[in-house]
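Visitor: What follows is a structure written as C-alpha cells; I'll ask about it next.
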Amino acid sequence: MRKIWTILILMVAGVETGFLQVPEKIDFQAVARNLDGTLIMDQPVHIRITILAGSLPGTPVYQETHAITTDAYGHFLLAIGGGMPVTSSFATIDWSDGPHFVQVAMAANGGSQFQELGTLELMSVPYALYAKYAENVDDADADPTNELQQLQVQGEILSLTGGNQVQLPDASTQNELQQLQLSGDLLSISQGNVVQLPNRSAGWEQEGTSVFQLANRVGIGLDKPPYALSIYQADKAYMSFHTSVSGSGTSDGLLLGLDKLSNSALLWNRELGDIRLGIGSETILYLNQFGRVGVGTEGPIEKLEVSSSTDNVGLRIRSGNKKTARLSLMENNDGQNYGFTWQYDGNNDVLQLRSHGFRNDAANALITVNANGWMGIGTGSPLTALNLHGSDGDYAIFSVSHADYPNKRLYAGVDRGYPFLDVDGNPLLIRAEDHLALAIDNQTRYVGIGTDQPLVHLDVRGNAEVSDNLTVKQDLMVGDQASFTGSVSIGKGISFNQIIEISGTTGSALNYVNIPYPEGYTWDNTRVLSVEVKKENTRWVQLGGDDNSLVRISVFLYSNIIRLYYPPSNDYESKPYRILLMRVGN
C-alpha cells in the first residue's frame, strides 16, 4: 500500500562559537500516514536520504539509509549525516556549491523497495555547515609570518601589524571602552542607548525543574518530553483554553486532559456552547449544548442523528468473530430496565428481537431470523419461512386489518390445537389469480364454490368431481356436471357410488330396445333415476308416458341387459332416449 509522509521539522544543529566543532548532522522529524490518513504506528521502516546539489533535479552528492521504528503516534526522528552511508561522505559535501536539496524515500515494513516521497530545499540554517567547511580552506598565502597580527589603537590611529592604519574620527579617550549589559529584557551600552529586547520566554515561568526544553520539544513536568509538547502531573494532567468572554477560572473555557483515577481522557467545553470536530471545511461530529450528537449534521434533533445529503448513510455495530452485537432501546422505571434489544448472535447466525423486563424470563426472544431468512415469532428455531409459535393461553393467531375498515379483520392460527381461519364483518373469499374459488357467507354460513352467493349449505357452480366417499346430510347443489368415483350418502338415505347417464336411439319395428349395463353396473347395484324419449323435437316424454294414458314408457332390469319399452308408434320409433342410472354402494 502506498504511504504518505507528513514532514514536521527539518533543521541543522547550531554553530558553536570560537574553536568548537560544528556538528555534522541535520535533525529530521516526520510522521508517517497511510493513504487513507491513518497513522503508521509502531512499525519498522527504512528511510533513504539523498543530498542533491544544484538546480532540480540536481546531482546526488551523498546518500545514506536509516532503519527506524515509528512510535505509537507514527512519529520518528533521525539525524541526516548519522545514517549508514551508501555513496560518498557527509563530511565532504561542499555546501558552498549552489543550492542543496534533501530527497526522502521510504521502504515500508522494513523492506528494501524504496519509494520517493518528496524533495525539500535546504534553507539558510543548514548552511552553518558551510562555516566548518570554510575553516579548512587554504588562504593561498605561503607566508607563515603574517598569519598572526596585532590590532592596536594609539590615540586616533587604528593599526594592524604588518599592514595599514586607519584615522579614527573621534579623538576622545573617554568613550573608547564601554560595557554591554543585559538586565531582563533591556540591553544597554554604557554612555549609550537602551534597547528593549523581545521577551522570548513570555508566558513561560520555570519553577524548579517543572519546565524543560529538549531538542525542540517542551516538557511541563517532564525533563525528557517525548513529543513537541508534553505535560505531566501526578493526578490530573489538564490544559485549558480561554477567551475574553469565557472567564479564566477552573469552570471556564475548554478543558483537555487525562485523569489518573478513571484513567480517562477529557475534552470538556465548560461554556454553554457546542463542540465540533471537522476535516477541511466540513463538520464531521457535532455535539450541541443540549446534549445531542450529530454525525454529518449541525442540527441533530435526536440524542444521536446520522445524516448526509450526498452519501449513503448507515449505522454499523460490529462484534468480533462468533460474538454478539446488540442495539437496545430501553427505559428505566424505578431502577428496572424495560425495553427491547435487537441482537445478532454470531455464534448461531441468528438475528433476534428480545424483550427485557416484560416477562418472567428476561431477555426473551420475540422474533428470530436465521441465516436462511426464515422468521420465527415466539420461537428461536423457525421451521418455515414464517413460523408463528404461541406460548401463552390457548391461541396462536395472527390478524390482518386495514385502517379504513376497522371492523373488517381476518384471523388465522391455532385454537386449542385446531387450525382455523376466521373473518369479521364480511364473507370469506378465496381467490386464485383474481378468480373466485371459494366463498363462505358470513350471514348464512353457506359455502359456495364458483359463487359468492351460495343458496344452500354447499353450492357448486360448474363441474364437480368426488374421487372418494361423499356424505351430504343437508342441502347440496351441483352445477353443470357432477362426477363421483367414491360412495355418496345423501341425508340418512342410501349410499351410492356413481350416477351416470346412458343414451341411444329406439328401434323402428319393435316397441323395446335392449341396452347393455355400463361397466361396474349390475342387476343388483343399478337404480333407474329417470327415463326419457324425445317424441318431438321440442318435447321429452318421461317414464310413464305422456297425457295419453294408453302410452307407456318403462324400463326393466334383467340379469344381463336393461330393456326400455315404448309405444309401437311412429312418434316413438327411431327417437333419441336417455336413461339416468345410479350405482348404489355395497
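Every chain in the C-alpha cells has a letter given in the order shown (A, B, ...), and although residue numbers restart at 1 in each chain, ligands are simply numbered from 1 in the order shown.
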Write out as number ranges by chain which residues come within 9 Å of Glu116 in chain A when counting only C-alpha atoms, dropping same-chain ones fewer than 3 positions away.

Guide: A: 48, 103-106, 119

Visitor: Range 312-315 of chain A: which residues within 12 Å, counting only C-alpha atoms, same-chain residues fewer than 4 positions away excluded, as a list in words?

Guide: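 The contact residues come out as Val295, Gly296, Leu304, Glu305, Val306, Ser307, Ser308 and Leu327 of chain A.
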
Visitor: Determine the nearest neighbour of Thr250 in chain A from the options A:Val293, A:Gln181, A:Trp268, A:Pro518, counting only C-alpha atoms.

Guide: A:Trp268

Visitor: What's the separation between CA of Thr65 in chain A and CA of Ser112 in chain A, in Å to one decimal place?

Guide: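 Separation between CA of Thr65 in chain A and CA of Ser112 in chain A: 10.4 Å.
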
Visitor: Counting only C-alpha atoms, figure out which residue out of A:Gly74, A:Pro576, A:Gly82, A:Gly544 gets nearest to Ile502 in chain A.

Guide: A:Pro576

Visitor: Can you list, as a VMD selection string, all residues belonging to range 318-433 of chain A that DSSP tags as strand (DSSP E)?

Guide: chain A and resid 324 to 333 336 to 345 350 to 356 364 to 370 375 to 377 386 to 388 395 to 402 405 to 415 418 to 424 428 to 432

Visitor: Keeping only C-alpha atoms, write the selected residues as a compact mmCIF listing (two decimals), in the first residue's frame.

Guide:
```txt
# COMPACT_ATOMS: atom_id res chain seq x y z
CA THR A 324 -22.75 -10.89 19.76
CA ALA A 325 -23.70 -7.38 18.56
CA ARG A 326 -26.64 -5.55 20.23
CA LEU A 327 -28.77 -2.44 19.80
CA SER A 328 -31.04 -1.76 22.81
CA LEU A 329 -33.98 0.62 23.24
CA MET A 330 -34.70 0.88 26.97
CA GLU A 331 -36.43 2.89 29.68
CA ASN A 332 -35.57 2.92 33.38
CA ASN A 333 -38.51 2.63 35.75
CA GLN A 336 -35.71 -1.62 36.47
CA ASN A 337 -34.84 -1.63 32.77
CA TYR A 338 -37.73 -2.20 30.40
CA GLY A 339 -37.34 -2.33 26.66
CA PHE A 340 -36.20 -4.28 23.65
CA THR A 341 -32.89 -5.31 22.11
CA TRP A 342 -32.04 -6.19 18.54
CA GLN A 343 -29.31 -8.77 18.88
CA TYR A 344 -27.17 -10.57 16.31
CA ASP A 345 -25.84 -13.85 17.70
CA VAL A 350 -29.46 -15.52 14.03
CA LEU A 351 -30.96 -12.04 14.43
CA GLN A 352 -33.38 -11.67 17.34
CA LEU A 353 -35.65 -9.07 18.88
CA ARG A 354 -35.57 -9.70 22.61
CA SER A 355 -37.70 -8.22 25.40
CA HIS A 356 -36.46 -7.10 28.81
CA ASN A 364 -36.99 -13.45 25.92
CA ALA A 365 -36.68 -13.87 22.14
CA LEU A 366 -39.78 -12.42 20.44
CA ILE A 367 -38.67 -12.52 16.79
CA THR A 368 -35.89 -14.65 15.31
CA VAL A 369 -34.48 -14.54 11.76
CA ASN A 370 -31.99 -17.26 10.89
CA MET A 375 -38.58 -15.82 10.56
CA GLY A 376 -39.92 -17.18 13.82
CA ILE A 377 -42.36 -15.25 16.03
CA LEU A 386 -42.73 -17.70 8.66
CA ASN A 387 -43.26 -19.67 11.86
CA LEU A 388 -45.76 -18.27 14.42
CA TYR A 395 -54.33 -19.30 20.87
CA ALA A 396 -51.54 -18.78 18.39
CA ILE A 397 -53.04 -16.44 15.80
CA PHE A 398 -52.27 -13.53 13.55
CA SER A 399 -54.68 -10.97 12.13
CA VAL A 400 -54.85 -8.72 9.07
CA SER A 401 -56.73 -5.40 9.14
CA HIS A 402 -57.00 -2.06 7.35
CA TYR A 405 -62.14 -0.64 7.53
CA PRO A 406 -61.61 -1.05 11.29
CA ASN A 407 -64.41 -3.64 11.71
CA LYS A 408 -63.16 -5.94 8.96
CA ARG A 409 -60.46 -8.33 10.11
CA LEU A 410 -59.01 -11.69 9.07
CA TYR A 411 -57.76 -14.15 11.69
CA ALA A 412 -55.68 -17.26 11.14
CA GLY A 413 -53.93 -19.56 13.57
CA VAL A 414 -54.38 -22.40 16.03
CA ASP A 415 -57.12 -22.53 18.69
CA TYR A 418 -57.02 -26.79 15.97
CA PRO A 419 -56.14 -24.63 12.96
CA PHE A 420 -58.73 -22.03 11.95
CA LEU A 421 -59.40 -19.21 9.51
CA ASP A 422 -61.94 -16.56 10.55
CA VAL A 423 -63.23 -13.19 9.35
CA ASP A 424 -65.20 -10.31 10.87
CA LEU A 428 -64.63 -15.08 3.43
CA LEU A 429 -63.41 -15.11 -0.17
CA ILE A 430 -60.61 -17.27 -1.52
CA ARG A 431 -59.32 -16.28 -4.94
CA ALA A 432 -56.88 -17.75 -7.43
```

Visitor: To one decimal in Å, tell me the separation between CA of Thr505 in chain A and CA of Glu573 in chain A.

Guide: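 Computed distance, CA of Thr505 in chain A to CA of Glu573 in chain A, equals 8.3 Å.
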
Visitor: Just give me the gap between CA of Gly253 in chain A and CA of Ile284 in chain A in Å, one decimal is fine.

Guide: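 Spanning CA of Gly253 in chain A to CA of Ile284 in chain A is a straight-line distance of 22.2 Å.
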
Visitor: Give me, as a PyMOL selection string, all polymer residues having an atom no more than 6 Å from Met582 in chain A, counting only C-alpha atoms and skipping those fewer than 5 positions away in the same chain.

Guide: chain A and resi 498-499+526-527

Visitor: Just the selected residues (N, CA and C atoms), exported as a compact mmCIF listing (two decimals), in the first residue's frame, please.

Guide:
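Generated output (selection10.txt):
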```
# COMPACT_ATOMS: atom_id res chain seq x y z
N GLN A 498 -71.97 -43.79 -7.78
CA GLN A 498 -71.88 -43.07 -9.05
C GLN A 498 -73.27 -42.88 -9.64
N ILE A 499 -73.45 -41.78 -10.34
CA ILE A 499 -74.65 -41.51 -11.15
C ILE A 499 -74.17 -41.29 -12.57
N THR A 526 -77.84 -51.47 -9.62
CA THR A 526 -78.30 -50.42 -10.50
C THR A 526 -79.68 -49.95 -10.09
N ARG A 527 -79.80 -48.62 -10.03
CA ARG A 527 -81.09 -48.00 -9.79
C ARG A 527 -81.36 -47.02 -10.93
```

Visitor: Would you kindly return, as a list in words, each protein, DNA or RNA residue with an atom no farther than 9 Å from any atom of Asp441 in chain A, considering only C-alpha atoms and excluding same-chain residues fewer than 2 positions away?

Guide: Asn426, Pro427, Leu428, Leu429, Ala439, Gln443, Thr444, Arg445, Tyr446, Val447, Gly448, Asp452, Gln453 and Pro454 of chain A

Visitor: Write out as a list in words the residues lying within 9 Å of Ile231 in chain A, counting only C-alpha atoms and excluding same-chain residues fewer than 4 positions away.

Guide: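 The contact residues come out as Val218, Gly219, Ile220, Gly221, Leu222, Pro225, Ala237, Tyr238 and Met239 of chain A.
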
Visitor: Could those residues be written to a file, using N, CA and C atoms, as a compact mmCIF listing (two decimals), in the first residue's frame?

Guide:
```
# COMPACT_ATOMS: atom_id res chain seq x y z
N VAL A 218 9.11 20.55 24.24
CA VAL A 218 8.88 21.24 25.50
C VAL A 218 8.17 20.29 26.45
N GLY A 219 8.67 20.16 27.65
CA GLY A 219 8.04 19.33 28.66
C GLY A 219 7.65 20.14 29.86
N ILE A 220 6.42 19.97 30.31
CA ILE A 220 5.94 20.59 31.53
C ILE A 220 5.79 19.46 32.54
N GLY A 221 6.68 19.41 33.51
CA GLY A 221 6.70 18.33 34.47
C GLY A 221 7.51 17.13 34.00
N LEU A 222 8.10 17.21 32.81
CA LEU A 222 8.91 16.12 32.25
C LEU A 222 10.25 16.68 31.81
N PRO A 225 10.78 15.25 27.46
CA PRO A 225 9.48 15.20 26.77
C PRO A 225 9.57 14.38 25.48
N ALA A 237 -3.54 15.70 34.64
CA ALA A 237 -2.76 16.47 33.68
C ALA A 237 -3.74 17.18 32.76
N TYR A 238 -4.02 18.45 33.05
CA TYR A 238 -5.04 19.21 32.33
C TYR A 238 -4.40 20.39 31.60
N MET A 239 -5.03 20.81 30.49
CA MET A 239 -4.67 22.01 29.76
C MET A 239 -5.96 22.74 29.41
```
